Amino acid sequence: MKPETNPHVAVDAESNTRLQPAPQVQPVEQLPVSPQSQPQLETQPRVQPAMQLQAQIQPTPKPQSQIIATVAPKDKRRHFLAVFFFSFMWGTFGADRFYLGKYGTGFLKLITFGGFGLWTLVDLTLVMYGAMRDSDGNEMLEYERYKKFANRTVMIFSLAVGALILVTGVSLIMTIMQFMQGGGITQLLMGGGQTSELNQIQSLLK
């Protein structure tokens with residue numbers, strides 16, 4: 001009969017001796033892990049859909065009443081060029097003050113023909129320096145843009161009028177000098193009397 005062999009006992013074939021059995025490895029039991037001991041993973045933010053992002057970016061429409069309230073009021077200031085041309089061309093009749101809403105002083109300027117010219121020059125100077133205001137105390141629009149144009153216009157007009165006055169004065173003086181050299185008023189009267197007497201003598205002879 002064959003001797004019973006333990007499967008867990010190693011037998012040396014040459015010495016036919018039994019060796020100590022090899023220790024059995026027991027599986028390690030897994031201990032329960034508490035949820036507090038587990039490392040907490042950082043949760044990534046959820047990506048919102050494109051439609052929701054567009055809805056958040058787009059501003060909400062305002063009511064129509066609020067839109068009307070935010071519209072800027074109309075600027076009622078007078079333009080500098082209009083005031084300048086009214087004062088320059090028709091300032092004697094008070095057109096510039098009527099345009100600025102100063103109806104009382106405009107009427108006085110009209111009936112006095114621009115204060116006999118002095119009031120017209122004063123208002124034109126105020127307009128050119130930007131000191132003129134309307135009836136509400138507002139400044140003129142775009143004065144800084146067109147003030148050089150106004151200065152050039154007045155300068156050219158002044159030079160043209162000055163040249164015309166100079167030429168007219170010189171021609172008048174020359175005419176008077178020639179008239180005085182020809183005998184003046186005395187020669188004119190005497191020449192007129194002699195011709196009338198000659199005409200009478202010729203009529204008698206006929």
# chains A, B, ... in the order shown; residues from 1 in each chain; ligands from 1
>>> residues_around(residues="Ser135 of chain A", least_positions_apart="3", cutoff="12 Å", atoms="only C-alpha atoms", output="ChimeraX atom specification")
/A:76-78,96-106,132,138-140
>>> atom_distance(atom1="atom CA of Gly137 of chain A", atom2="atom CA of Leu121 of chain A")
21.0 Å
